[in-house]
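Next up, input_29.cif (mmCIF, C-alpha atoms):
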```cif
data_data
#
loop_
_atom_site.label_atom_id
_atom_site.label_comp_id
_atom_site.auth_asym_id
_atom_site.auth_seq_id
_atom_site.Cartn_x
_atom_site.Cartn_y
_atom_site.Cartn_z
CA MET W 1 -17.94 6.58 -14.55
CA LYS W 2 -17.74 4.76 -11.25
CA THR W 3 -15.27 5.77 -8.59
CA ALA W 4 -14.41 4.50 -5.11
CA VAL W 5 -12.89 6.37 -2.19
CA VAL W 6 -10.98 4.45 0.49
CA LEU W 7 -11.93 5.39 4.06
CA LEU W 8 -9.48 4.92 6.92
CA PRO W 9 -9.63 6.23 10.47
CA GLY W 10 -7.92 9.61 10.67
CA LEU W 11 -8.39 10.65 7.05
CA ASN W 12 -10.01 14.09 6.78
CA ARG W 13 -9.97 14.96 3.08
CA ASP W 14 -12.34 12.16 2.09
CA ARG W 15 -15.38 14.45 1.91
CA ASP W 16 -13.59 16.94 -0.34
CA MET W 17 -12.54 14.08 -2.60
CA ILE W 18 -16.05 12.62 -2.68
CA ALA W 19 -17.50 16.05 -3.55
CA ALA W 20 -14.96 16.54 -6.36
CA LEU W 21 -15.57 13.06 -7.81
CA ARG W 22 -19.35 13.51 -7.57
CA SER W 23 -19.25 16.84 -9.38
CA ILE W 24 -16.80 15.75 -12.10
CA SER W 25 -18.06 12.21 -12.77
CA GLY W 26 -21.73 12.95 -12.12
CA VAL W 27 -21.98 9.74 -10.10
CA GLU W 28 -21.87 9.35 -6.32
CA PRO W 29 -18.57 7.61 -5.44
CA LEU W 30 -18.59 4.34 -3.55
CA THR W 31 -16.88 4.40 -0.19
CA VAL W 32 -14.76 1.47 0.94
CA TRP W 33 -14.01 1.05 4.65
CA GLN W 34 -10.62 -0.11 5.93
CA THR W 35 -11.83 -3.61 6.88
CA GLU W 36 -13.21 -4.47 3.44
CA THR W 37 -11.28 -7.09 1.52
CA ALA W 38 -12.71 -6.53 -1.96
CA ILE W 39 -13.53 -3.46 -4.05
CA PRO W 40 -16.35 -3.58 -6.64
CA PRO W 41 -15.41 -2.84 -10.28
CA VAL W 42 -14.81 0.90 -10.70
CA ASN W 43 -12.98 3.20 -13.13
CA LEU W 44 -10.89 4.87 -10.43
CA ILE W 45 -9.94 4.17 -6.82
CA VAL W 46 -8.81 7.14 -4.72
CA VAL W 47 -6.90 7.07 -1.45
CA PRO W 48 -7.54 10.56 -0.06
CA GLY W 49 -5.60 12.78 2.31
CA GLY W 50 -5.56 13.19 6.07
CA PHE W 51 -3.77 11.61 8.99
CA SER W 52 -4.59 7.91 8.85
CA TYR W 53 -3.96 6.22 12.19
CA GLY W 54 -2.69 9.53 13.56
CA ASP W 55 0.47 9.23 11.43
CA TYR W 56 1.71 6.74 14.05
CA LEU W 57 5.03 5.01 13.30
CA ARG W 58 5.40 6.76 9.91
CA CYS W 59 2.84 8.60 7.77
CA GLY W 60 0.75 5.99 5.99
CA ALA W 61 2.63 3.02 7.48
CA ILE W 62 -0.23 1.47 9.43
CA ALA W 63 -2.82 2.23 6.76
CA ALA W 64 -0.67 0.55 4.12
CA ARG W 65 -0.98 -2.74 6.02
CA SER W 66 -4.79 -2.55 6.44
CA PRO W 67 -7.07 -5.09 4.70
CA VAL W 68 -8.53 -2.57 2.27
CA MET W 69 -5.06 -1.73 0.96
CA GLN W 70 -4.55 -5.40 0.04
CA ALA W 71 -7.73 -5.02 -2.02
CA VAL W 72 -6.42 -1.80 -3.57
CA ALA W 73 -3.16 -3.58 -4.47
CA ALA W 74 -5.14 -6.41 -6.09
CA GLU W 75 -7.18 -3.94 -8.18
CA ALA W 76 -4.03 -2.01 -9.12
CA ALA W 77 -2.45 -5.27 -10.30
CA ARG W 78 -5.49 -5.78 -12.55
CA GLY W 79 -4.82 -2.37 -14.11
CA VAL W 80 -7.50 -0.32 -12.33
CA PRO W 81 -6.36 3.32 -11.98
CA VAL W 82 -5.47 4.25 -8.39
CA LEU W 83 -4.86 7.83 -7.25
CA GLY W 84 -3.31 8.73 -3.89
CA VAL W 85 -3.37 12.33 -2.70
CA CYS W 86 -1.26 13.62 0.21
CA ASN W 87 -1.63 10.96 2.92
CA GLY W 88 -2.90 8.74 0.10
CA PHE W 89 0.45 9.21 -1.69
CA GLN W 90 2.28 8.35 1.53
CA ILE W 91 0.12 5.23 1.92
CA LEU W 92 0.78 4.08 -1.67
CA CYS W 93 4.54 4.46 -1.12
CA GLU W 94 4.39 2.60 2.19
CA ALA W 95 2.34 -0.13 0.50
CA GLY W 96 5.03 -0.52 -2.16
CA LEU W 97 2.66 0.47 -4.97
CA LEU W 98 4.89 3.47 -5.71
CA PRO W 99 8.66 3.78 -5.24
CA GLY W 100 10.31 6.08 -2.71
CA ALA W 101 9.16 7.60 0.57
CA LEU W 102 7.74 10.85 1.92
CA MET W 103 9.75 12.37 4.74
CA ARG W 104 9.35 15.32 7.12
CA ASN W 105 9.41 18.72 5.35
CA THR W 106 12.90 20.17 5.52
CA SER W 107 11.45 23.32 7.15
CA LEU W 108 9.97 21.06 9.87
CA LYS W 109 6.81 23.15 9.40
CA PHE W 110 3.35 22.12 8.29
CA VAL W 111 2.78 23.91 4.99
CA CYS W 112 -0.71 24.97 3.90
CA ARG W 113 -0.65 27.17 0.82
CA GLU W 114 -0.83 27.24 -2.94
CA VAL W 115 2.04 26.05 -5.13
CA LYS W 116 2.71 25.93 -8.86
CA LEU W 117 3.02 22.54 -10.51
CA GLU W 118 4.68 21.75 -13.82
CA VAL W 119 3.03 18.96 -15.77
CA VAL W 120 6.25 17.11 -16.61
CA THR W 121 4.51 14.65 -18.92
CA ASN W 122 1.02 14.39 -20.30
CA ARG W 123 1.64 10.89 -21.55
CA THR W 124 -0.05 9.34 -18.53
CA ARG W 125 -3.62 8.33 -17.89
CA PHE W 126 -3.82 11.03 -15.22
CA THR W 127 -2.47 14.01 -17.17
CA SER W 128 -3.53 13.53 -20.80
CA GLY W 129 -5.89 16.50 -20.40
CA TYR W 130 -3.03 18.89 -19.72
CA ALA W 131 -0.34 20.22 -22.05
CA GLU W 132 3.21 19.03 -21.44
CA GLY W 133 5.08 21.71 -19.52
CA GLN W 134 1.84 23.41 -18.49
CA ILE W 135 2.02 25.19 -15.13
CA ILE W 136 -1.03 24.71 -12.94
CA ARG W 137 -1.98 26.04 -9.52
CA CYS W 138 -2.66 23.61 -6.70
CA PRO W 139 -2.97 23.82 -2.91
CA VAL W 140 -0.78 21.78 -0.56
CA ALA W 141 -1.35 20.97 3.12
CA HIS W 142 1.15 18.59 4.69
CA HIS W 143 3.95 18.06 7.19
CA ASP W 144 5.63 15.11 5.47
CA GLY W 145 5.78 15.78 1.76
CA ASN W 146 9.52 15.65 1.25
CA TYR W 147 9.81 13.02 -1.48
CA PHE W 148 12.93 10.88 -1.33
CA ALA W 149 14.26 8.00 -3.41
CA ASP W 150 17.78 6.76 -3.99
CA GLU W 151 19.70 7.95 -7.06
CA ALA W 152 19.12 4.76 -9.04
CA THR W 153 15.36 5.00 -8.47
CA LEU W 154 15.34 8.70 -9.40
CA GLU W 155 17.21 8.00 -12.63
CA ARG W 156 14.71 5.26 -13.47
CA LEU W 157 11.73 7.51 -12.66
CA HIS W 158 13.06 10.26 -14.92
CA GLY W 159 14.12 7.87 -17.65
CA GLU W 160 10.77 6.12 -17.79
CA GLY W 161 8.70 9.31 -17.64
CA GLN W 162 7.32 8.45 -14.21
CA VAL W 163 7.86 11.91 -12.72
CA VAL W 164 4.49 13.50 -13.49
CA PHE W 165 4.38 16.72 -11.47
CA ARG W 166 7.20 18.98 -10.29
CA TYR W 167 6.97 22.02 -8.03
CA ALA W 168 7.55 24.97 -10.36
CA GLU W 169 8.79 28.53 -10.10
CA GLY W 170 10.60 28.02 -6.79
CA THR W 171 7.49 26.86 -4.94
CA ASN W 172 8.88 23.55 -3.59
CA PRO W 173 7.26 23.64 -0.13
CA ASN W 174 8.94 20.62 1.48
CA GLY W 175 12.44 20.02 0.12
CA ALA W 176 11.39 17.14 -2.12
CA VAL W 177 14.31 15.78 -4.12
CA ARG W 178 14.37 17.20 -7.67
CA ASP W 179 11.18 19.16 -6.83
CA ILE W 180 9.12 15.98 -7.28
CA ALA W 181 5.45 16.51 -6.41
CA GLY W 182 3.86 13.48 -8.08
CA ILE W 183 4.88 10.19 -9.67
CA VAL W 184 3.25 7.36 -11.52
CA SER W 185 3.98 3.65 -11.26
CA GLU W 186 5.94 1.77 -13.90
CA SER W 187 2.66 0.19 -15.02
CA GLY W 188 1.20 3.69 -15.38
CA ASN W 189 -2.06 3.11 -13.52
CA VAL W 190 -1.05 4.20 -10.01
CA MET W 191 -0.33 7.87 -9.34
CA GLY W 192 0.50 9.65 -6.11
CA LEU W 193 0.93 13.37 -5.49
CA MET W 194 1.23 15.56 -2.41
CA PRO W 195 -0.86 18.53 -3.62
CA HIS W 196 -4.66 18.48 -3.45
CA PRO W 197 -6.20 18.74 -6.94
CA GLU W 198 -9.64 18.01 -5.42
CA ASN W 199 -9.51 21.41 -3.74
CA LEU W 200 -9.26 23.33 -7.02
CA VAL W 201 -12.09 21.96 -9.15
CA GLU W 202 -14.83 24.63 -8.91
CA PRO W 203 -14.80 28.36 -9.70
CA GLU W 204 -15.76 28.90 -6.05
CA HIS W 205 -12.45 27.29 -5.09
CA GLY W 206 -10.74 30.08 -7.00
CA GLY W 207 -9.89 27.91 -9.98
CA THR W 208 -10.42 24.62 -11.75
CA ASP W 209 -6.80 23.62 -12.45
CA GLY W 210 -7.24 20.32 -10.58
CA CYS W 211 -10.06 19.05 -12.82
CA GLY W 212 -7.64 17.84 -15.48
CA ILE W 213 -6.42 14.91 -13.40
CA PHE W 214 -9.89 13.54 -12.79
CA GLU W 215 -11.10 14.28 -16.32
CA SER W 216 -8.01 12.64 -17.80
CA VAL W 217 -8.23 9.41 -15.82
CA LEU W 218 -12.00 9.19 -16.23
CA GLY W 219 -11.83 9.94 -19.95
CA LEU W 220 -13.94 13.11 -19.63
CA GLY W 221 -13.47 16.62 -20.97
CA GLN W 222 -11.29 18.04 -23.70
CA LYS W 223 -7.96 16.46 -24.50
CA VAL W 224 -5.11 18.85 -25.07
CA ALA W 225 -2.95 18.11 -28.09
CA ALA W 226 0.55 17.02 -27.07
CA MET Z 1 9.72 -14.78 26.98
CA ILE Z 2 12.39 -13.15 24.85
CA LYS Z 3 12.95 -9.41 25.00
CA ALA Z 4 14.42 -7.54 22.10
CA ARG Z 5 15.38 -3.97 21.35
CA ILE Z 6 15.13 -2.75 17.79
CA VAL Z 7 16.83 0.48 16.79
CA VAL Z 8 15.73 2.14 13.56
CA THR Z 9 17.92 4.87 12.09
CA LEU Z 10 17.97 6.88 8.90
CA LYS Z 11 20.34 5.61 6.24
CA ASN Z 12 23.48 7.56 5.50
CA GLY Z 13 22.80 10.25 2.94
CA VAL Z 14 19.15 10.68 3.93
CA LEU Z 15 18.60 14.23 5.15
CA ASP Z 16 17.36 14.37 8.76
CA PRO Z 17 15.90 17.84 9.37
CA GLN Z 18 14.74 16.85 12.87
CA GLY Z 19 18.26 15.79 13.82
CA ARG Z 20 19.55 19.11 12.49
CA ALA Z 21 17.01 21.05 14.58
CA ILE Z 22 18.05 19.09 17.69
CA GLU Z 23 21.68 19.78 16.90
CA GLY Z 24 20.85 23.49 16.69
CA ALA Z 25 19.04 23.38 20.05
CA LEU Z 26 22.01 21.66 21.71
CA SER Z 27 24.25 24.39 20.41
CA THR Z 28 21.80 27.02 21.77
CA LEU Z 29 22.08 25.34 25.18
CA GLY Z 30 25.80 25.88 25.06
CA PHE Z 31 26.95 22.36 24.21
CA GLU Z 32 29.90 22.96 21.97
CA GLY Z 33 31.53 20.53 19.63
CA VAL Z 34 28.44 18.51 18.72
CA GLY Z 35 29.44 17.21 15.30
CA GLY Z 36 26.00 15.98 14.28
CA VAL Z 37 22.74 14.48 15.53
CA ARG Z 38 20.68 11.82 13.79
CA GLN Z 39 17.25 11.00 15.20
CA GLY Z 40 15.93 7.44 15.25
CA LYS Z 41 13.38 5.17 16.90
CA VAL Z 42 13.61 2.42 19.51
CA PHE Z 43 11.13 -0.46 19.81
CA ASP Z 44 11.19 -2.82 22.79
CA VAL Z 45 9.43 -5.99 21.71
CA GLU Z 46 8.55 -9.08 23.75
CA VAL Z 47 8.25 -12.37 21.90
CA ALA Z 48 6.67 -15.46 23.49
CA GLY Z 49 8.72 -18.68 23.81
CA ASP Z 50 12.43 -19.25 24.28
CA ASP Z 51 13.61 -20.10 20.75
CA ARG Z 52 16.02 -17.24 20.17
CA ALA Z 53 16.74 -18.08 16.54
CA ALA Z 54 13.05 -18.22 15.68
CA ALA Z 55 12.42 -14.98 17.57
CA GLU Z 56 15.22 -13.24 15.70
CA ALA Z 57 13.82 -14.39 12.37
CA ASP Z 58 10.38 -13.09 13.38
CA LEU Z 59 11.80 -9.77 14.52
CA ARG Z 60 13.67 -9.40 11.25
CA ALA Z 61 10.42 -9.98 9.35
CA MET Z 62 8.66 -7.40 11.58
CA CYS Z 63 11.33 -4.84 10.68
CA GLU Z 64 11.14 -5.58 6.97
CA LYS Z 65 7.33 -5.52 6.87
CA LEU Z 66 6.49 -2.69 9.23
CA LEU Z 67 8.89 -1.30 11.80
CA ALA Z 68 11.39 0.13 9.32
CA ASN Z 69 10.89 1.65 5.90
CA THR Z 70 13.94 0.18 4.21
CA VAL Z 71 13.81 2.83 1.48
CA ILE Z 72 15.11 5.34 4.02
CA GLU Z 73 15.89 3.44 7.22
CA ASN Z 74 18.23 0.79 8.62
CA TYR Z 75 17.40 -1.40 11.59
CA ALA Z 76 19.42 -3.28 14.19
CA ILE Z 77 18.01 -6.03 16.41
CA SER Z 78 19.52 -7.01 19.75
CA LEU Z 79 18.13 -9.72 22.00
CA ILE Z 80 18.29 -8.73 25.66
#
```
As C-alpha cells, please, write out the structure in this file.
Amino acid sequence: MKTAVVLLPGLNRDRDMIAALRSISGVEPLTVWQTETAIPPVNLIVVPGGFSYGDYLRCGAIAARSPVMQAVAAEAARGVPVLGVCNGFQILCEAGLLPGALMRNTSLKFVCREVKLEVVTNRTRFTSGYAEGQIIRCPVAHHDGNYFADEATLERLHGEGQVVFRYAEGTNPNGAVRDIAGIVSESGNVMGLMPHPENLVEPEHGGTDGCGIFESVLGLGQKVAA
Amino acid sequence: MIKARIVVTLKNGVLDPQGRAIEGALSTLGFEGVGGVRQGKVFDVEVAGDDRAAAEADLRAMCEKLLANTVIENYAISLI
C-alpha cells in the first residue's frame, strides 16, 4: 500500500503522519514537496497538520494555492483517496476540495486535548472499519477548528451522508456548527477532519482508536459489520 | 499606477468571536453603548498601468481567488 504525504513550509505534524503511515501500511510513505506538480500513483495522499505559511491570510489559504495542491486536486479528481488532518483539512476547504470553512475557535483559545468522536457513518472509504455510531477517542490541537458552512450546504452534507465525524458527549472543543469534526466530499474520496487520528495509533500513544481510518482507506485490518 | 483598498468582512450570520472579544474589551475600558464589533481585513494593493476598468476586474479576481474566502467573507473594492 503506497502512501504520499504532502510537505509544505510550516507544517509540523508531517513526521507523526509519516510514522503512522509507515507503521500501519508497512511501507515508507513518499513525501511530496510544495513545488512538485505531479504525484506518483499511490493509494492515499495525506495533507498533514501544522501551520502552513504561518497561517498567514487565513489558515490554509496560501497552501491551497501552491503547485502541489493543484497536483493533489488532479489526483482527487481521478478518484485517489485524499485525507486532510487539522491544517490539512483547512487546506482542502480553502482549495475547494471540501465544502465549508474552518474559523477561529469560539473560545479564542488554542485547544490541545482529547475529545470523543462519533462515527456518524461507516459507509465511507475512510470509516468502513468502524461501527456506525461508535464513539472513539482522538486528540485535537488547533486554534481554528470551528467548522462553518451555510444552511443549504449543511443540509446537503447531512442528507448525502457526508458528515463523517461529530464531536460526542459534549466535547466540541471549537464551536463547530452541528458538532462537525470531519466531512467527506460528495465523490467520497476526499476526507478532512480536525482531530489527529495519527496520534492515537500505537498502544504507547494510550490507544489505537485512530488506526481505523488508515486501515479502512488502505483496505487493511478487520471490517466491522454495519 | 492605480491604488486600491480592499476591505474584507465576515458575512452576516457568521459568528465573529474576535469581534465579540474586542467588544468586551471596549466595554471594560468604559466605552458604553457599543452595539457590536465585527473584525475584518484591509488590503492596500497597487496595480501597474492606468486602465481602471482592467485593474478593477483584476482586483475582483484576486478577491475571488485568494484575498477573501467567499464561503464566510464579503469583499469591497475601492479605487483610490
- Using all atoms listed in the file, pick whichever of W:His205, W:His142, W:Arg125, W:Arg58 has the shortest atom-to-atom distance to chain Z.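 Answer, going by the shortest atom-to-atom distance: W:Arg58.
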- Query: So what do you get for CA of Leu97 in chain W versus CA of Gly188 in chain W, distance-wise?
  - Reply: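 According to the coordinates, CA of Leu97 in chain W and CA of Gly188 in chain W are separated by 11.0 Å.
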- Please evaluate the PyMOL selection byres ((chain Z) within 9 of (chain W)) against the structure above and give the resulting residues as a list in words. Val14, Leu15, Asp16, Pro17, Gln18, Ala21, Lys65, Leu66, Leu67, Ala68, Asn69, Val71 and Ile72 of chain Z
List, as a PDB file with C-alpha atoms, in the frame of the given file, every residue that the PyMOL selection byres ((chain Z and resi 47) around 10) selects in the file provided.
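selection.pdb, written as the output of this step:
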```pdb
ATOM      1  CA  MET Z   1       9.720 -14.780  26.980  1.00  0.00           C
ATOM      2  CA  ILE Z   2      12.390 -13.150  24.850  1.00  0.00           C
ATOM      3  CA  LYS Z   3      12.950  -9.410  25.000  1.00  0.00           C
ATOM      4  CA  ALA Z   4      14.420  -7.540  22.100  1.00  0.00           C
ATOM      5  CA  VAL Z  45       9.430  -5.990  21.710  1.00  0.00           C
ATOM      6  CA  GLU Z  46       8.550  -9.080  23.750  1.00  0.00           C
ATOM      7  CA  ALA Z  48       6.670 -15.460  23.490  1.00  0.00           C
ATOM      8  CA  GLY Z  49       8.720 -18.680  23.810  1.00  0.00           C
ATOM      9  CA  ASP Z  50      12.430 -19.250  24.280  1.00  0.00           C
ATOM     10  CA  ASP Z  51      13.610 -20.100  20.750  1.00  0.00           C
ATOM     11  CA  ARG Z  52      16.020 -17.240  20.170  1.00  0.00           C
ATOM     12  CA  ALA Z  54      13.050 -18.220  15.680  1.00  0.00           C
ATOM     13  CA  ALA Z  55      12.420 -14.980  17.570  1.00  0.00           C
ATOM     14  CA  GLU Z  56      15.220 -13.240  15.700  1.00  0.00           C
ATOM     15  CA  ASP Z  58      10.380 -13.090  13.380  1.00  0.00           C
ATOM     16  CA  LEU Z  59      11.800  -9.770  14.520  1.00  0.00           C
TER      17      LEU Z  59
END
```
- Translate the PyMOL selection byres ((chain W and resi 192) around 12), as applied to the file shown, into an explicit residue set as a PyMOL selection string. chain W and resi 45-49+81-102+126+145+147+162-165+180-185+188-191+193-197+213
- Would you please work out which residue, of W:Val201, W:Val80, W:Val217, W:Ile136, is nearest to Ala20 in chain W when using only C-alpha atoms?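 Of the candidates, the smallest distance to Ala20 in chain W is held by W:Val201.
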- Gap from CA of Ala168 in chain W to CA of Val115 in chain W - Å, one decimal: 7.7 Å
- What separation in Å, quoted to one decimal, exists between CA of Tyr56 in chain W and CA of Cys112 in chain W? 21.0 Å
- Message: Could you check the closest approach to Met62 in chain Z for each of Z:Ala76, Z:Gly40, Z:Ala25, Z:Glu32 and tell me which residue wins, using all atoms listed in the file?
- Response: Z:Ala76
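Compared by their closest atoms to Tyr75 in chain Z, and using all atoms listed in the file, the residues Z:Phe43, Z:Gly36, Z:Ile22, Z:Ala53 rank with Z:Phe43 nearest.
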Find the axis-aligned box for range 42-59 of chain Z, covering all its listed atoms and adding 8 Å on each side, and write its centre and edge lengths in Å to one decimal as lines of an AutoDock Vina configuration file.
```
center_x = 11.7
center_y = -8.8
center_z = 18.3
size_x = 26.1
size_y = 38.5
size_z = 27.9
```
- Compute the distance from (6.5, 25.1, -0.6) to each atom, counting only C-alpha atoms, keep the residues with any atom at most 9 Å away, and return them as a ChimeraX atom specification; use the coordinates of the file. /W:111-115,140,167,170-175
- Compare W:Thr37, W:Ser52, W:Asn12, W:Ser128 by their minimum atom-to-atom distance to Phe214 in chain W, counting only C-alpha atoms, and give me the closest one.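 Under the stated criterion, the closest residue is W:Ser128.
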- Taking only C-alpha atoms into account, which of W:Ala131, W:Tyr53, W:Asp179, W:Thr124 comes nearest Glu160 in chain W? W:Thr124
